[in-house]
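So this block is final27.txt, compact mmCIF, C-alpha atoms:
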```
# COMPACT_ATOMS: atom_id res chain seq x y z
CA MET B 240 110.41 -34.78 49.24
CA ILE B 241 113.80 -36.49 48.91
CA ALA B 242 115.12 -39.25 51.14
CA ARG B 243 118.90 -39.32 51.05
CA MET B 244 120.02 -42.74 52.22
CA ALA B 245 123.64 -43.05 53.24
CA THR B 246 123.08 -46.57 54.51
CA ASN B 247 122.54 -49.97 52.96
CA PRO B 248 118.99 -51.31 52.48
CA LEU B 249 117.35 -52.53 55.66
CA PRO B 250 117.77 -56.22 56.51
CA GLN B 251 114.88 -58.45 55.54
CA PHE B 252 112.35 -59.34 58.21
CA PRO B 253 110.42 -62.63 58.17
CA PRO B 254 107.26 -62.97 56.03
CA GLY B 255 104.18 -61.53 57.70
CA PHE B 256 106.15 -58.93 59.67
CA LEU B 257 103.79 -56.01 60.38
CA TRP B 258 104.88 -52.47 59.50
CA GLY B 259 102.80 -49.57 60.77
CA VAL B 260 102.48 -46.03 62.05
CA SER B 261 100.89 -44.82 65.28
CA THR B 262 98.85 -41.88 66.59
CA SER B 263 96.50 -41.20 69.49
CA ALA B 264 93.05 -39.63 69.62
CA HIS B 265 93.66 -36.67 71.91
CA GLN B 266 96.83 -35.72 70.08
CA ILE B 267 95.38 -35.50 66.58
CA GLU B 268 91.57 -35.60 66.46
CA GLY B 269 90.52 -32.15 67.63
CA ALA B 270 86.71 -31.73 67.53
CA VAL B 271 86.75 -31.42 71.32
CA THR B 272 83.30 -29.82 71.42
CA GLU B 273 81.86 -32.83 69.61
CA ARG B 274 82.57 -35.21 72.49
CA ALA B 275 82.40 -35.39 76.28
CA PRO B 276 85.37 -33.94 78.21
CA SER B 277 88.44 -35.92 79.27
CA VAL B 278 90.93 -35.42 82.08
CA TRP B 279 93.27 -33.92 79.48
CA ASP B 280 90.73 -31.23 78.59
CA ALA B 281 90.49 -30.27 82.26
CA PHE B 282 94.25 -30.39 82.74
CA THR B 283 94.96 -28.29 79.66
CA ALA B 284 92.52 -25.63 80.85
CA GLU B 285 94.60 -25.03 83.99
CA PRO B 286 97.10 -22.17 83.42
CA GLY B 287 100.72 -23.25 83.28
CA ARG B 288 100.07 -26.92 82.66
CA ILE B 289 101.04 -26.89 78.96
CA LYS B 290 104.43 -25.35 78.21
CA ASP B 291 103.37 -23.33 75.18
CA GLY B 292 99.89 -22.57 76.56
CA SER B 293 98.19 -24.48 73.75
CA ASN B 294 95.39 -27.04 73.75
CA ALA B 295 94.08 -29.87 71.59
CA GLU B 296 90.76 -28.29 70.59
CA VAL B 297 91.79 -28.46 66.93
CA ALA B 298 95.11 -30.38 67.05
CA CYS B 299 95.50 -31.86 63.54
CA ASP B 300 91.73 -31.87 62.95
CA HIS B 301 91.98 -35.54 62.08
CA TYR B 302 88.32 -35.92 63.04
CA HIS B 303 87.33 -33.97 59.93
CA ARG B 304 90.36 -34.72 57.73
CA TYR B 305 90.74 -38.45 58.27
CA PRO B 306 90.31 -39.37 54.56
CA GLU B 307 93.35 -37.24 53.74
CA ASP B 308 95.31 -38.87 56.54
CA VAL B 309 94.34 -42.39 55.50
CA ALA B 310 95.54 -41.53 51.99
CA LEU B 311 98.90 -40.54 53.49
CA ILE B 312 99.10 -43.86 55.33
CA ALA B 313 98.27 -45.71 52.12
CA GLY B 314 100.92 -43.76 50.23
CA LEU B 315 103.48 -44.75 52.82
CA GLY B 316 102.83 -48.40 52.11
CA VAL B 317 102.58 -49.65 55.69
CA ASP B 318 100.44 -52.66 56.59
CA ALA B 319 98.68 -51.23 59.63
CA TYR B 320 97.60 -48.07 61.40
CA ARG B 321 97.63 -47.95 65.18
CA PHE B 322 95.24 -45.27 66.41
CA SER B 323 93.42 -44.81 69.69
CA ILE B 324 89.73 -44.61 70.42
CA SER B 325 88.59 -41.75 72.62
CA TRP B 326 86.57 -43.15 75.52
CA PRO B 327 84.88 -39.74 76.04
CA ARG B 328 83.92 -39.68 72.34
CA VAL B 329 82.41 -43.15 72.57
CA ASN B 330 80.42 -41.90 75.57
CA SER B 331 78.98 -39.12 73.39
CA PRO B 332 76.01 -39.41 71.00
CA GLY B 333 77.22 -40.69 67.65
CA GLY B 334 80.79 -40.96 68.90
CA LEU B 335 81.37 -44.46 67.61
CA ASP B 336 80.18 -43.39 64.17
CA PHE B 337 83.50 -41.63 63.60
CA TYR B 338 85.48 -44.79 64.28
CA ASP B 339 83.10 -46.74 62.05
CA ARG B 340 83.94 -44.37 59.20
CA LEU B 341 87.66 -44.43 59.96
CA VAL B 342 87.79 -48.23 60.06
CA ASP B 343 85.85 -48.45 56.80
CA GLU B 344 88.26 -45.99 55.17
CA LEU B 345 91.27 -47.98 56.37
CA CYS B 346 89.86 -51.30 55.23
CA ALA B 347 89.01 -49.85 51.82
CA ALA B 348 92.64 -48.74 51.51
CA GLY B 349 93.96 -52.18 52.48
CA ILE B 350 95.30 -50.98 55.82
CA ARG B 351 94.79 -53.06 58.95
CA PRO B 352 93.16 -51.01 61.75
CA VAL B 353 94.82 -51.52 65.15
CA PRO B 354 92.88 -49.55 67.77
CA THR B 355 94.13 -48.77 71.27
CA LEU B 356 91.25 -48.56 73.72
CA PHE B 357 92.92 -46.23 76.22
CA HIS B 358 95.64 -43.69 75.45
CA TRP B 359 95.43 -41.51 78.58
CA ASP B 360 92.24 -39.53 77.77
CA LEU B 361 90.09 -40.79 80.64
CA PRO B 362 86.50 -39.46 80.86
CA VAL B 363 86.68 -36.56 83.30
CA GLU B 364 84.18 -38.12 85.72
CA LEU B 365 86.33 -41.24 86.24
CA ASP B 366 89.42 -41.81 88.38
CA TRP B 367 91.97 -44.65 88.21
CA LEU B 368 92.25 -44.51 92.00
CA SER B 369 88.81 -46.12 92.00
CA ARG B 370 88.55 -49.85 91.35
CA ASP B 371 85.20 -49.25 89.66
CA THR B 372 87.00 -47.60 86.72
CA SER B 373 88.50 -50.99 85.83
CA GLN B 374 85.04 -52.50 85.41
CA ARG B 375 83.81 -49.46 83.52
CA PHE B 376 86.72 -49.88 81.12
CA ALA B 377 85.77 -53.49 80.42
CA GLU B 378 82.21 -52.41 79.68
CA TYR B 379 83.50 -49.74 77.31
CA ALA B 380 85.76 -52.31 75.59
CA ALA B 381 82.76 -54.58 75.02
CA VAL B 382 80.77 -51.73 73.44
CA VAL B 383 83.58 -50.85 71.03
CA ALA B 384 84.24 -54.48 70.11
CA ALA B 385 80.57 -55.08 69.39
CA ARG B 386 80.60 -52.18 66.93
CA LEU B 387 83.98 -52.64 65.24
CA GLY B 388 84.88 -56.28 65.81
CA ASP B 389 83.56 -57.42 62.43
CA ARG B 390 86.38 -55.46 60.72
CA VAL B 391 89.04 -55.08 63.42
CA GLN B 392 91.03 -58.16 64.33
CA LYS B 393 94.06 -56.74 66.18
CA TRP B 394 93.44 -54.81 69.44
CA ILE B 395 95.44 -52.99 72.12
CA THR B 396 93.95 -52.46 75.57
CA LEU B 397 96.11 -49.79 77.25
CA ASN B 398 98.91 -47.48 76.20
CA GLU B 399 101.77 -46.93 78.64
CA PRO B 400 100.12 -47.42 82.03
CA ALA B 401 103.56 -46.76 83.58
CA GLU B 402 103.73 -43.21 82.21
CA HIS B 403 100.09 -42.53 83.00
CA THR B 404 100.75 -43.61 86.58
CA LEU B 405 104.08 -41.83 87.00
CA LEU B 406 103.49 -38.61 85.09
CA GLY B 407 99.77 -38.21 85.70
CA HIS B 408 99.39 -39.42 89.27
CA ALA B 409 102.79 -39.55 90.99
CA LEU B 410 104.50 -36.40 89.66
CA GLY B 411 101.60 -34.32 88.33
CA ALA B 412 103.27 -33.45 85.00
CA HIS B 413 100.39 -34.96 82.96
CA ALA B 414 96.66 -35.19 83.43
CA PRO B 415 95.01 -35.51 85.86
CA GLY B 416 97.88 -33.65 87.54
CA LYS B 417 98.06 -35.49 90.87
CA GLN B 418 101.26 -35.57 92.92
CA LEU B 419 100.82 -38.71 94.98
CA LEU B 420 104.30 -40.21 94.61
CA PHE B 421 104.11 -43.81 95.86
CA ASP B 422 100.46 -43.41 96.85
CA ALA B 423 99.82 -43.62 93.10
CA LEU B 424 100.45 -47.39 93.12
CA PRO B 425 96.71 -48.21 93.13
CA VAL B 426 96.50 -46.42 89.76
CA ALA B 427 98.95 -48.96 88.34
CA HIS B 428 97.00 -51.88 89.79
CA HIS B 429 93.62 -50.64 88.58
CA GLN B 430 94.93 -50.08 85.06
CA LEU B 431 96.40 -53.57 84.95
CA LEU B 432 93.13 -54.99 86.28
CA ALA B 433 91.25 -52.99 83.64
CA HIS B 434 93.50 -54.55 81.01
CA GLY B 435 92.71 -58.07 82.21
CA LEU B 436 88.98 -57.41 82.39
CA ALA B 437 89.08 -55.87 78.91
CA VAL B 438 90.89 -58.92 77.54
CA GLN B 439 88.06 -61.05 78.91
CA ALA B 440 85.46 -58.73 77.38
CA LEU B 441 87.20 -58.73 74.01
CA ARG B 442 87.52 -62.50 74.02
CA ALA B 443 83.81 -62.77 74.80
CA ALA B 444 83.19 -60.59 71.73
CA GLY B 445 85.15 -63.00 69.55
CA VAL B 446 88.46 -61.09 69.38
CA THR B 447 91.48 -63.35 68.91
CA ASP B 448 94.48 -61.00 68.56
CA ILE B 449 94.98 -58.90 71.69
CA GLY B 450 98.01 -57.06 73.06
CA ILE B 451 99.02 -54.14 75.25
CA ALA B 452 101.42 -51.24 74.57
CA ASN B 453 103.77 -51.01 77.54
CA SER B 454 106.71 -48.63 77.58
CA HIS B 455 110.07 -50.16 78.45
CA GLY B 456 113.73 -49.26 78.32
CA PRO B 457 116.97 -50.54 79.82
CA THR B 458 118.04 -49.05 83.14
CA TRP B 459 121.77 -48.44 83.41
CA ALA B 460 123.38 -47.92 86.82
CA ALA B 461 125.41 -44.70 87.10
CA SER B 462 128.33 -46.71 88.52
CA ARG B 463 129.16 -50.08 89.99
CA ARG B 464 128.79 -48.72 93.51
CA THR B 465 126.26 -50.70 95.53
CA GLU B 466 124.04 -47.68 96.17
CA ASP B 467 123.86 -46.84 92.44
CA VAL B 468 123.15 -50.44 91.43
CA GLU B 469 120.40 -50.74 94.06
CA ALA B 470 118.82 -47.44 92.95
CA ALA B 471 118.89 -48.55 89.31
CA ASP B 472 117.33 -51.89 90.24
CA PHE B 473 114.52 -50.10 92.04
CA TYR B 474 113.89 -47.76 89.11
CA ASP B 475 113.83 -50.75 86.74
CA LEU B 476 111.31 -52.46 89.01
CA LEU B 477 109.01 -49.42 88.97
CA LEU B 478 109.16 -48.63 85.26
CA ASN B 479 109.62 -52.08 83.75
CA ARG B 480 108.90 -55.07 85.97
CA LEU B 481 105.92 -53.55 87.81
CA PHE B 482 104.03 -53.46 84.50
CA ALA B 483 105.44 -56.60 82.86
CA ASP B 484 105.68 -59.19 85.65
CA PRO B 485 101.93 -59.21 86.50
CA LEU B 486 101.01 -59.61 82.83
CA LEU B 487 103.58 -62.24 81.95
CA LEU B 488 104.24 -64.03 85.24
CA GLY B 489 101.01 -63.46 87.12
CA GLN B 490 102.81 -61.87 90.06
CA TYR B 491 104.15 -58.54 91.22
CA PRO B 492 107.85 -58.08 91.94
CA GLN B 493 108.74 -58.96 95.52
CA GLY B 494 107.43 -56.44 98.03
CA ILE B 495 105.00 -54.72 95.65
CA GLY B 496 101.90 -56.91 95.86
CA GLU B 497 101.24 -56.10 99.50
CA LEU B 498 101.14 -52.39 98.61
CA MET B 499 98.29 -52.87 96.15
CA PRO B 500 94.58 -52.57 97.01
CA GLY B 501 91.94 -55.29 97.04
CA ASP B 502 92.28 -59.06 96.68
CA VAL B 503 95.55 -58.92 94.82
CA GLU B 504 95.92 -62.67 94.37
CA SER B 505 92.53 -62.94 92.66
CA ASP B 506 93.15 -59.80 90.62
CA LEU B 507 96.45 -61.16 89.33
CA LYS B 508 94.65 -64.12 87.80
CA VAL B 509 92.63 -61.61 85.74
CA ILE B 510 95.59 -59.37 84.99
CA ALA B 511 97.55 -62.34 83.61
CA GLU B 512 94.92 -63.30 81.02
CA PRO B 513 97.01 -64.76 78.16
CA LEU B 514 98.07 -62.27 75.51
CA ASP B 515 98.45 -62.98 71.81
CA TRP B 516 101.35 -60.55 71.59
CA TYR B 517 103.19 -58.05 73.77
CA GLY B 518 103.59 -54.45 72.62
CA ILE B 519 106.64 -52.42 73.62
CA ASN B 520 107.06 -48.66 73.20
CA TYR B 521 110.78 -47.90 73.19
CA TYR B 522 112.48 -44.50 73.11
CA GLN B 523 115.64 -44.48 75.26
CA PRO B 524 117.57 -46.12 78.09
CA THR B 525 117.83 -44.39 81.46
CA LYS B 526 120.92 -43.84 83.61
CA VAL B 527 120.07 -44.05 87.31
CA GLY B 528 122.01 -43.60 90.53
CA ALA B 529 121.52 -43.16 94.22
CA PRO B 530 119.44 -40.17 95.39
CA GLU B 531 121.37 -36.89 95.44
CA GLY B 532 119.25 -35.01 97.97
CA ALA B 533 117.89 -32.35 95.63
CA GLU B 534 115.25 -31.90 92.95
CA ILE B 535 116.38 -33.07 89.53
CA GLU B 536 115.43 -31.72 86.14
CA PHE B 537 115.13 -34.63 83.72
CA SER B 538 113.57 -34.67 80.24
CA GLY B 539 111.44 -31.64 81.08
CA LEU B 540 110.33 -33.06 84.43
CA THR B 541 111.14 -31.99 87.96
CA LEU B 542 111.82 -35.13 89.99
CA PRO B 543 111.40 -34.58 93.74
CA ALA B 544 114.32 -35.09 96.11
CA GLU B 545 112.52 -37.70 98.21
CA LEU B 546 112.63 -40.34 95.47
CA PRO B 547 114.95 -43.28 96.30
CA PHE B 548 116.89 -42.78 93.06
CA SER B 549 118.15 -40.01 90.81
CA VAL B 550 118.06 -39.93 87.04
CA ARG B 551 121.35 -38.84 85.48
CA GLU B 552 122.30 -37.42 82.11
CA LEU B 553 123.38 -40.13 79.69
CA GLU B 554 126.52 -38.74 78.08
CA GLY B 555 128.32 -39.77 74.94
CA TYR B 556 125.31 -40.19 72.64
CA PRO B 557 123.61 -37.87 70.14
CA VAL B 558 120.32 -36.44 71.36
CA THR B 559 117.02 -35.56 69.72
CA ASP B 560 115.49 -32.08 69.78
CA PHE B 561 113.71 -33.28 72.94
CA GLY B 562 117.09 -33.97 74.53
CA TRP B 563 116.55 -37.73 74.53
CA PRO B 564 119.67 -39.86 73.88
CA VAL B 565 119.67 -41.87 70.66
CA VAL B 566 120.78 -45.41 71.57
CA PRO B 567 119.53 -48.01 69.05
CA GLU B 568 121.61 -50.80 70.58
CA ALA B 569 119.64 -50.41 73.82
CA LEU B 570 116.56 -51.67 71.96
CA THR B 571 118.39 -54.91 71.18
CA GLU B 572 119.52 -55.12 74.81
CA LEU B 573 115.96 -54.55 76.05
CA LEU B 574 114.39 -57.20 73.84
CA VAL B 575 117.04 -59.82 74.44
CA GLY B 576 116.77 -59.12 78.16
CA PHE B 577 112.99 -59.62 78.07
CA HIS B 578 113.49 -62.86 76.14
CA GLU B 579 115.93 -64.11 78.76
CA ARG B 580 113.85 -62.95 81.75
CA TYR B 581 110.44 -64.21 80.68
CA GLY B 582 111.30 -67.13 78.41
CA ASP B 583 108.27 -68.90 77.00
CA ARG B 584 105.99 -66.64 79.05
CA LEU B 585 106.81 -63.80 76.64
CA PRO B 586 104.46 -63.87 73.65
CA PRO B 587 105.50 -62.53 70.24
CA VAL B 588 106.68 -58.93 70.52
CA VAL B 589 105.54 -55.93 68.50
CA ILE B 590 107.25 -52.53 68.79
CA THR B 591 104.13 -50.40 69.11
CA GLU B 592 106.00 -47.08 69.28
CA ASN B 593 109.47 -45.91 68.32
CA GLY B 594 110.30 -42.45 67.10
CA CYS B 595 112.00 -39.13 67.75
CA SER B 596 111.44 -35.39 67.85
CA TYR B 597 113.25 -33.32 65.23
CA GLU B 598 112.40 -30.08 63.50
CA GLY B 599 112.35 -29.60 59.75
CA ILE B 600 110.91 -31.32 56.70
CA ASP B 601 114.29 -32.51 55.43
CA ASP B 602 114.66 -34.59 58.59
CA GLN B 603 117.80 -36.62 57.96
CA GLU B 604 118.26 -37.14 61.71
CA ARG B 605 114.96 -39.00 61.86
CA ILE B 606 116.03 -41.21 58.96
CA THR B 607 119.23 -42.06 60.82
CA PHE B 608 117.25 -42.74 64.00
CA LEU B 609 114.72 -45.04 62.34
CA ASP B 610 117.35 -46.84 60.27
CA GLY B 611 119.38 -47.57 63.39
CA HIS B 612 116.45 -48.78 65.45
CA VAL B 613 115.04 -51.04 62.74
CA ARG B 614 118.48 -52.65 62.44
CA ALA B 615 118.63 -53.03 66.22
CA LEU B 616 115.25 -54.74 66.12
CA HIS B 617 116.51 -57.12 63.46
CA ARG B 618 119.53 -57.98 65.62
CA ALA B 619 117.14 -58.91 68.44
CA TRP B 620 115.29 -61.21 66.02
CA GLU B 621 118.59 -62.79 65.01
CA GLN B 622 119.24 -63.48 68.70
CA GLY B 623 115.99 -65.39 69.11
CA VAL B 624 113.41 -62.75 70.04
CA ASP B 625 110.11 -63.41 68.28
CA VAL B 626 109.49 -59.92 66.89
CA ARG B 627 106.41 -59.58 64.71
CA GLY B 628 105.99 -55.87 63.97
CA TYR B 629 107.25 -52.28 64.15
CA PHE B 630 105.14 -49.10 64.40
CA VAL B 631 106.71 -45.67 63.96
CA TRP B 632 105.66 -42.88 66.29
CA SER B 633 104.20 -40.91 64.71
CA LEU B 634 102.35 -40.58 61.42
CA MET B 635 102.17 -36.82 61.82
CA ASP B 636 103.23 -33.97 64.06
CA ASN B 637 100.69 -33.51 66.84
CA PHE B 638 99.81 -32.15 70.27
CA GLU B 639 102.64 -33.55 72.37
CA TRP B 640 100.90 -33.56 75.76
CA ALA B 641 102.47 -31.15 78.29
CA GLU B 642 104.93 -29.95 75.64
CA GLY B 643 102.08 -28.61 73.48
CA TYR B 644 103.10 -28.24 69.85
CA ALA B 645 106.81 -27.67 70.54
CA ARG B 646 107.89 -31.22 69.67
CA ARG B 647 107.53 -32.78 66.23
CA PHE B 648 107.57 -36.59 66.05
CA GLY B 649 105.82 -36.94 62.68
CA LEU B 650 106.77 -38.47 59.37
CA VAL B 651 104.36 -35.84 58.05
CA HIS B 652 104.75 -32.16 58.88
CA VAL B 653 101.60 -30.33 60.02
CA ASP B 654 101.27 -26.57 59.68
CA TYR B 655 99.19 -25.79 62.74
CA ASP B 656 97.84 -22.56 61.22
CA THR B 657 96.63 -24.01 57.92
CA LEU B 658 96.61 -27.74 58.89
CA GLU B 659 98.40 -28.48 55.64
CA ARG B 660 100.15 -31.85 55.65
CA THR B 661 103.60 -32.17 54.05
CA PRO B 662 105.40 -35.52 53.96
CA LYS B 663 108.95 -35.23 55.25
CA ALA B 664 112.11 -36.85 53.93
CA SER B 665 111.65 -39.60 56.52
CA TYR B 666 108.25 -40.43 55.03
CA ALA B 667 109.86 -41.00 51.63
CA TRP B 668 112.70 -43.00 53.18
CA LEU B 669 110.31 -45.33 55.00
CA ARG B 670 108.12 -45.71 51.91
CA ASP B 671 111.12 -46.73 49.84
CA ALA B 672 112.49 -49.00 52.57
CA LEU B 673 109.19 -50.84 52.83
CA ARG B 674 109.02 -51.36 49.10
CA ALA B 675 112.36 -53.16 49.37
CA GLN B 676 110.88 -55.43 52.09
CA ARG B 677 108.10 -56.76 49.86
```
Show how you would write the structure in this file as structure tokens.
Amino acid sequence: MIARMATNPLPQFPPGFLWGVSTSAHQIEGAVTERAPSVWDAFTAEPGRIKDGSNAEVACDHYHRYPEDVALIAGLGVDAYRFSISWPRVNSPGGLDFYDRLVDELCAAGIRPVPTLFHWDLPVELDWLSRDTSQRFAEYAAVVAARLGDRVQKWITLNEPAEHTLLGHALGAHAPGKQLLFDALPVAHHQLLAHGLAVQALRAAGVTDIGIANSHGPTWAASRRTEDVEAADFYDLLLNRLFADPLLLGQYPQGIGELMPGDVESDLKVIAEPLDWYGINYYQPTKVGAPEGAEIEFSGLTLPAELPFSVRELEGYPVTDFGWPVVPEALTELLVGFHERYGDRLPPVVITENGCSYEGIDDQERITFLDGHVRALHRAWEQGVDVRGYFVWSLMDNFEWAEGYARRFGLVHVDYDTLERTPKASYAWLRDALRAQR
């Protein structure tokens, strides 16, 4: 395991900066028969939903091999481990016992546990189209906090409600596989309401360090033509402002609130419960233009022709094995833009996910990717953005949702036949880089 660094040491971040790695329950735990079913179990069982025909019944078997995985995290030298808690597992007899053991193992290793309460694996009997699911989520959050709150200080409510809305309910590419297009907007509202109610429940349980993990990226207009600029603005509203404005400003972007269900004004007061920090998952910018009147293939998705925008190929940049453009400077642009847009309404920022898909154990491309993005994050800090942490996606290769096992985002390689873990060159690079930060 050799990390060949062709770059200078990373710039120094301020004292207390939090370094971590991320995973999610459905992608790594396995042990599906030892918990209640989720919408992803049902979705995966439908032929043709997963590109390689696989499922997450075993995944990385983290449920049974977590001590080995915690040892890998400890060897990496990060401060924190962001994992998710499976709501269906918590609903099962003894389900919280696993997270009790995991948290104890992390604490014993000196690693801060940072659980995410919802990372897309909704119990199969629930539906985000129903307002009741928001209240059920708050009740679930209270149960988890009562069990783990004596050892867990830092919490995340939801992971990427934008993607769960768009991919799972508007386009049908993810679980639960609905194709509602703009009729999926209530899903966005109910997730945001669930977040606010969960913040209240966590506060009532004594939690004092709460954030969310929203996905964001700059939207670049395909040209300066009015129709392209307007289409890009609309895309940016849907993927960025729709999920940030309610949390940070207590309001929806103009024209959106009246499309949402229920007493929106009252709900927004709950949604905008103050956050201790704001988590951002960043992967890439998006080039957007006016609709072109035909279906579009983009990043493995088929975007219908009736959308009021079209997503274009972003040329002139290297791409990952997933075909995603590698644009570190767009992370700086994103964070500085958030700082300018939201001002003192933006709490301290933590990058809760950033990573890339590349094959191979000698993954020099991943080293280049991470090096560039950490430097871009530092440039945002130099320009006044209060950045407090950076989590790499992901600790290990895993079940990559509708892609199955075809994409490898891990610092640690997983042999899916033997489940053997092998640290990659990027693991050694990050370990050495973090030692230089101490």
Query - Residue neighbourhood Ser369 in chain B, 9 Å, only C-alpha atoms, exclusion window fewer than 6 positions, as a PyMOL selection string - result: chain B and resi 425-426+429
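Pairwise distance (CA of His612 in chain B, CA of Ala569 in chain B) equals 9.1 Å.
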Requested in this report: Might you pull out every residue within 12 Å of Gly435 in chain B, with only C-alpha atoms counted and same-chain residues fewer than 5 positions away left off, and present them as an MDAnalysis selection string?
Outcome: chainID B and resid 373:374 376:377 380 395:397 428:430 440:442 449:451 485:487 489 505:514
Report task. Find, counting only C-alpha atoms, the residue in B:Leu387, B:Leu498, B:Val260, B:Leu335 that gets nearest to Gly445 in chain B. Result -> B:Leu387
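If you measure from each of B:Gly649, B:Pro587, B:Pro524, B:Pro332 to Ser454 in chain B using all atoms listed in the file, the closest one turns out to be B:Pro524.
Of the listed residues B:Gly594, B:Gly496, B:Pro415, B:Pro567, the one whose atoms come nearest to Thr262 in chain B is B:Gly594, with distances taken using all atoms listed in the file.
Of the residues listed (B:Asp601, B:Val503, B:Leu315, B:His265), B:Leu315 shows the shortest atom-to-atom separation from Leu669 in chain B; distances use only C-alpha atoms.
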Query - Minimum-distance residue to Glu598 in chain B, chosen among B:Thr657, B:Ser277, B:Thr541, B:Ser665 (using only C-alpha atoms) - result: B:Ser665
Report summary line: As a check of understanding: the span from CA of Glu579 in chain B to CA of Leu478 in chain B is 18.1 Å
